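Okay, structure first, notes after.
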Amino acid sequence: MHDDYDDFDDFDDFDNYDDFGDYEDIDDVDEYAVDDYLDSLEEYEEALDDLAFEQENLRDEYEMKLQEIDEYWDRENQYIMTSGIYSEEEVQTILQNHEQIRREKKAEAKHDYEAEKESLQFERDNLRFDREMDRQDRELNRQAKEMERNEAAAYAHQEQAAQPYISGWQPEKPGLLKRIFTFAGMYYLFKKLF
């Protein structure tokens with residue numbers, strides 16, 4: 001209906017909240033840290049939903065403003081054409097002036113709409129940037145913890161592998177009684193055999 005109205009940027013991507021990392025796969029993680037992270041994701045979702053709602057309201061207000069401008073100047077033009085007060089030349093001049101004013105009013109409404117829409121876009125971009133930074137921080141922390149666990153496991157493995165080769169280690173020598181009993185047992189066995 002309004003030629004001056006252009007399509008705004010869709011906010012449909014606000015429904016995509018799945019790009020926050022696979023926090024479920026993290027082993028040995030602080031459950032309070034996970035809760036805080038999930039809470040922050042929920043806050044981002046709510047803030048982005050609010051912005052999407054504001055965007056829809058802004059568009060509706062803009063369309064309503066354009067409709068009000070058209071309705072007002074249509075009534076004015078109708079009155080000028082049907083009043084019988086003005087000559088045909090005067091009517092045409094007045095109608096041209098009205099159309100000029102209508103265009104100016106619509107351009108002003110569009111300027112205000114674009115400025116507010118740009119402000120909402122700026123807020124959305126900031127939220128998405130902050131959300132991505134949180135996701136990257138979370139991933140870096142997860143990788144750091146995983147590296148620490150791997151290093152600890154490798155160190156424990158090295159310690160275990162090196163255990164038999166510790167310098168000064170000697171196999172335990174049998175005691176005197178053990179050697180006597182072993183010798184006596186062998187003597188008895190040979191005596192029985194021969």
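We name chains A, B, ... following the order of the structure tokens; residues begin at 1 in each chain, and ligands are numbered from 1 as shown.
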
Please identify all polymer residues within 9 Å of Trp73 in chain A, counting only C-alpha atoms, omitting same-chain residues fewer than 3 positions from it, and present them as a ChimeraX atom specification.
-> /A:68-70,76-78,98-99,101-102

Which range 67-135 of chain A residues have any atom within 10 Å of an atom of range 49-52 of chain A, and for each, what is the nearest pair of atoms with distance in Å to one decimal, counting only C-alpha atoms, rows sorted by chain and number, as JSON lines?
{"residue": "A:Leu120", "atom": "CA", "partner": "A:Leu51", "partner_atom": "CA", "distance": 6.7}
{"residue": "A:Gln121", "atom": "CA", "partner": "A:Leu51", "partner_atom": "CA", "distance": 8.7}
{"residue": "A:Glu123", "atom": "CA", "partner": "A:Leu51", "partner_atom": "CA", "distance": 8.0}
{"residue": "A:Arg124", "atom": "CA", "partner": "A:Leu51", "partner_atom": "CA", "distance": 7.1}

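For the choices A:Tyr86, A:Asp36, A:Ile80, A:Leu41, the atom-to-atom distance to Asp130 in chain A is smallest for A:Leu41 when using only C-alpha atoms.
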
Proximity to Ala115 in chain A - best of A:Leu58, A:Met133, A:Val91, A:Ala153, only C-alpha atoms |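 Distance minimum relative to Ala115 in chain A lands on A:Leu58.
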
Between A:Lys192, A:Arg135, A:Arg179, A:Lys65, which has the minimum distance to Tyr113 in chain A (counting only C-alpha atoms)?
-> A:Lys65
